[in-house]
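J.: Input: one structure, supplied below.
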Amino acid sequence: DDEIKTGTGNSMYAGTVTIGTSGSSGNYVMKDTARGGNYTTDLNGGSSGAGTTFTDADNVWGTGAASNRQTAAVDAHYGSQLTWDYYKNVHGRNGIFNNGQGARSRVHYGNAYVNAFWDGTQMTYGDGSGNTHPLTAIDVAGHEMSHGVTEATAGLNYSGDAGGLNEATSDIFGTMVEFYANNPTDVGDYLIGEKININGNGTPLRYMDKPSKDGRGSQDCWTTGTKNLDPHYSSGPLNHWFYLASEGTGSKTINGVSYNSTSCNGTTFAGVGRDVAAKVWYRTLSTKLSSGSNYAAARNGAITSAKELYGAGSAQCLGIQKAFAAINAPA
Ligand code: ASN
Ligand code: ZN
Ligand code: CA
């Protein structure tokens with residue numbers, strides 16, 4: 001049946017967690033009836049179709065090891081649950097589409113696939129390859145689901161400045177989901193993909209305090225050339241904005257991770273906190289931007305949003321403004 005149950009998940013990245021399931025003894029289903037019916041399926045190496053919904057006799061799922069097929073599913077399902085809760089409890093958003101409907105997560109996609117993606121209706125996760133672990137960490141899940149939120153709100157294009165804003169939005173909210181989780185194992189940070197070992201040497205995929213640290217071409221500061229970059233690099237300036245708006249310039253250690261962020265225009269200032277910055281950005285995304293929005297629209301939209309939320313001349317509004325000036329975004 002579809003009665004709401006709470007299972008125990010032995011995850012790969014987040015320790016032992018509780019996950020929303022349904023069903024009854026002998027036949028539990030990895031379907032979260034309390035969260036719009038979010039459910040998780042096994043593609044078993046395939047690359048199309050719905051996959052097979054995970055089931056379990058005793059409602060204790062996974063072992064924490066990748067060799068157990070349920071483990072990646074626990075992480076994906078948990079990430080989906082956290083992302084649902086974050087949007088609902090922080091932004092009042094009822095699921096990706098704000099219609100109360102959950103979404104499917106598919107794990108074990110393809111063979112040694114080193115990526116995860118949102119395709120317009122669902123999340124899909126690869127198992128990784130070699131030293132790279134399954135792509136199911138909290139920030140990755142939050143990133144992918146947030147592509148759905150962007151699609152359902154601003155509808156930002158995936159090219160030009162808009163492509164960078166789209167990617168950064170997923171990094172911003174993936175990060176906020178990670179902080180929201182307050183998980184002792186997968187702690188909140190301003191790094192993206194730090195758990196999956198995608199570079200094979202323990203370094204993350206992206207750094208919000210100084211995006212150029214990725215060594216791949218992410219920009220720290222907006223330029224007229226930003227629009228020509230891959231969205232994962234043109235995201236740099238907005239990721240940098242989010243860090244600066246949240247934490248300010250200078251050195252800082254948070255949850256054991258050290259950051260050093262500087263402005264592009266020589267200014268120094270304090271942050272307004274990540275909860276404020278995220279609230280401003282969510283309002284900007286959902287009420288100010290559209291498919292072709294550029295960095296100027298992001299800057300103007302965020303300042304207007306901060307005025308609406310906190311008042312013109314408020315410390316929050318000033319901080320948002322300073323951080324946009326600090327990435328050289330055009331006005
Ligand atoms: N994981 C990647 C992303 O969400 C997939 C892609 O390049 N679209 O950005
Ligand atoms: Zn993305
Ligand atoms: Ca992270």
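Going through the structure tokens in order, the chains are called A, B, and so on, while each chain numbers its residues from 1 and the ligands are numbered from 1 in the order shown.
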Could you name the residues that touch range 288-301 of chain A at 7 Å or less, counting only C-alpha atoms, but leaving out those on the same chain fewer than 5 positions away, as number ranges by chain?

T.: A: 154-157, 161-162, 324, 329-331

J.: I'd like the neighbourhood of Gly20 in chain A as an NGL selection string, where a residue qualifies if any of its atoms comes within 9 Å (using only C-alpha atoms), though same-chain residues fewer than 4 positions away should be ignored.

T.: :A and (4-8 or 30-35 or 38 or 77-78 or 81)

J.: Enumerate, in order of chain and increasing residue number, the residues of chain A with an atom no farther than 9 Å from ligand 3, each with its shortest atom pair and distance in Å to one decimal, counting only C-alpha atoms and all ligand atoms, as CSV.

T.:
residue,atom,partner,partner_atom_place_in_ligand_line,distance
A:Ala137,CA,ligand 3,1 (Ca),8.4
A:Ile138,CA,ligand 3,1 (Ca),7.5
A:Asp139,CA,ligand 3,1 (Ca),5.2
A:Val140,CA,ligand 3,1 (Ca),8.0
A:Asp171,CA,ligand 3,1 (Ca),8.6
A:Gly174,CA,ligand 3,1 (Ca),7.5
A:Thr175,CA,ligand 3,1 (Ca),5.6
A:Met176,CA,ligand 3,1 (Ca),8.9
A:Glu178,CA,ligand 3,1 (Ca),6.4
A:Phe179,CA,ligand 3,1 (Ca),8.5
A:Asp186,CA,ligand 3,1 (Ca),7.9
A:Val187,CA,ligand 3,1 (Ca),7.5
A:Gly188,CA,ligand 3,1 (Ca),6.0
A:Asp189,CA,ligand 3,1 (Ca),4.9
A:Tyr190,CA,ligand 3,1 (Ca),5.7
A:Leu191,CA,ligand 3,1 (Ca),4.3
A:Ile192,CA,ligand 3,1 (Ca),4.3
A:Gly193,CA,ligand 3,1 (Ca),5.6
A:Glu194,CA,ligand 3,1 (Ca),5.6
A:Lys195,CA,ligand 3,1 (Ca),7.5
A:Pro204,CA,ligand 3,1 (Ca),8.1
A:Arg206,CA,ligand 3,1 (Ca),8.8
A:Tyr207,CA,ligand 3,1 (Ca),8.9

J.: Would you export the selected residues with C-alpha atoms as a compact mmCIF listing (two decimals), in the first residue's frame, please?

T.:
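Full text of part_35.txt as output:
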# COMPACT_ATOMS: atom_id res chain seq x y z
CA ALA A 137 26.27 13.16 -2.95
CA ILE A 138 23.90 15.71 -1.41
CA ASP A 139 25.18 18.75 -3.32
CA VAL A 140 25.04 16.87 -6.63
CA ASP A 171 25.42 25.17 -7.40
CA GLY A 174 22.80 22.37 -4.12
CA THR A 175 25.07 24.02 -1.57
CA MET A 176 22.16 25.34 0.44
CA GLU A 178 23.93 20.52 1.83
CA PHE A 179 23.99 23.12 4.62
CA ASP A 186 28.54 15.26 4.38
CA VAL A 187 28.94 18.70 5.96
CA GLY A 188 27.91 21.99 4.39
CA ASP A 189 30.58 23.81 2.39
CA TYR A 190 31.03 26.15 -0.57
CA LEU A 191 32.60 23.39 -2.66
CA ILE A 192 30.77 21.38 -5.33
CA GLY A 193 31.21 17.62 -5.63
CA GLU A 194 33.81 17.35 -2.87
CA LYS A 195 32.57 13.87 -1.93
CA PRO A 204 36.19 19.18 -5.56
CA ARG A 206 34.10 23.61 -8.22
CA TYR A 207 34.98 26.29 -5.63

J.: Name each residue within 8 Å of ligand 1, counting only C-alpha atoms and all ligand atoms, as a PyMOL selection string.

T.: chain A and resi 115-118+140+143-144+147+167+170+231-232

J.: For Ser24 in chain A, list every protein, DNA or RNA residue within 9 Å, evaluated using only C-alpha atoms, and leave out those in the same chain fewer than 2 positions away; present the list as a ChimeraX atom specification.

T.: /A:1-3,5,22,26-29,57-59

J.: Ranking A:Asp230, A:Lys307, A:Glu247, A:Arg274 by minimum distance to ligand 2 and counting only C-alpha atoms and all ligand atoms, which one comes first?

T.: A:Asp230

J.: Just list the residues in range 136-233 of chain A DSSP gives alpha helix (DSSP H) on the backbone, as a ChimeraX atom specification.

T.: /A:138-152,160-181,231-233

J.: Keeping only C-alpha atoms, write the selected residues as a PDB file, in the first residue's frame.

T.:
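Output file selection15.pdb is given in full below:
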ATOM      1  CA  ILE A 138      23.895  15.707  -1.408  1.00  0.00           C
ATOM      2  CA  ASP A 139      25.175  18.754  -3.324  1.00  0.00           C
ATOM      3  CA  VAL A 140      25.038  16.870  -6.631  1.00  0.00           C
ATOM      4  CA  ALA A 141      21.436  15.766  -6.024  1.00  0.00           C
ATOM      5  CA  GLY A 142      20.470  19.295  -4.964  1.00  0.00           C
ATOM      6  CA  HIS A 143      22.228  20.672  -8.048  1.00  0.00           C
ATOM      7  CA  GLU A 144      20.364  18.395 -10.455  1.00  0.00           C
ATOM      8  CA  MET A 145      16.925  18.917  -8.906  1.00  0.00           C
ATOM      9  CA  SER A 146      17.534  22.656  -8.916  1.00  0.00           C
ATOM     10  CA  HIS A 147      17.896  22.516 -12.712  1.00  0.00           C
ATOM     11  CA  GLY A 148      14.252  21.457 -12.587  1.00  0.00           C
ATOM     12  CA  VAL A 149      13.353  24.420 -10.392  1.00  0.00           C
ATOM     13  CA  THR A 150      15.143  26.809 -12.775  1.00  0.00           C
ATOM     14  CA  GLU A 151      13.295  25.265 -15.704  1.00  0.00           C
ATOM     15  CA  ALA A 152       9.974  25.695 -13.914  1.00  0.00           C
ATOM     16  CA  GLY A 160      25.287  32.811 -22.964  1.00  0.00           C
ATOM     17  CA  ASP A 161      25.203  34.648 -19.641  1.00  0.00           C
ATOM     18  CA  ALA A 162      21.904  32.854 -18.916  1.00  0.00           C
ATOM     19  CA  GLY A 163      23.663  29.490 -19.072  1.00  0.00           C
ATOM     20  CA  GLY A 164      26.083  30.588 -16.373  1.00  0.00           C
ATOM     21  CA  LEU A 165      23.236  31.890 -14.216  1.00  0.00           C
ATOM     22  CA  ASN A 166      21.463  28.546 -14.727  1.00  0.00           C
ATOM     23  CA  GLU A 167      24.483  26.490 -13.642  1.00  0.00           C
ATOM     24  CA  ALA A 168      25.308  28.762 -10.704  1.00  0.00           C
ATOM     25  CA  THR A 169      21.705  28.563  -9.506  1.00  0.00           C
ATOM     26  CA  SER A 170      22.120  24.786  -9.268  1.00  0.00           C
ATOM     27  CA  ASP A 171      25.416  25.169  -7.399  1.00  0.00           C
ATOM     28  CA  ILE A 172      23.903  27.756  -5.037  1.00  0.00           C
ATOM     29  CA  PHE A 173      20.876  25.667  -4.096  1.00  0.00           C
ATOM     30  CA  GLY A 174      22.801  22.375  -4.120  1.00  0.00           C
ATOM     31  CA  THR A 175      25.069  24.016  -1.568  1.00  0.00           C
ATOM     32  CA  MET A 176      22.155  25.340   0.441  1.00  0.00           C
ATOM     33  CA  VAL A 177      20.605  21.850   0.537  1.00  0.00           C
ATOM     34  CA  GLU A 178      23.931  20.522   1.826  1.00  0.00           C
ATOM     35  CA  PHE A 179      23.986  23.116   4.620  1.00  0.00           C
ATOM     36  CA  TYR A 180      20.272  22.511   5.317  1.00  0.00           C
ATOM     37  CA  ALA A 181      20.931  18.772   5.745  1.00  0.00           C
ATOM     38  CA  PRO A 231      27.816  27.234 -18.498  1.00  0.00           C
ATOM     39  CA  HIS A 232      29.944  25.353 -15.928  1.00  0.00           C
ATOM     40  CA  TYR A 233      32.565  28.124 -16.281  1.00  0.00           C
TER      41      TYR A 233
END

J.: Which residues, written as an MDAnalysis selection string, have at least one atom at most 8 Å from Gly36 in chain A, with only C-alpha atoms counted and residues fewer than 3 positions away on the same chain left out?

T.: chainID A and resid 32:33 95 100:103
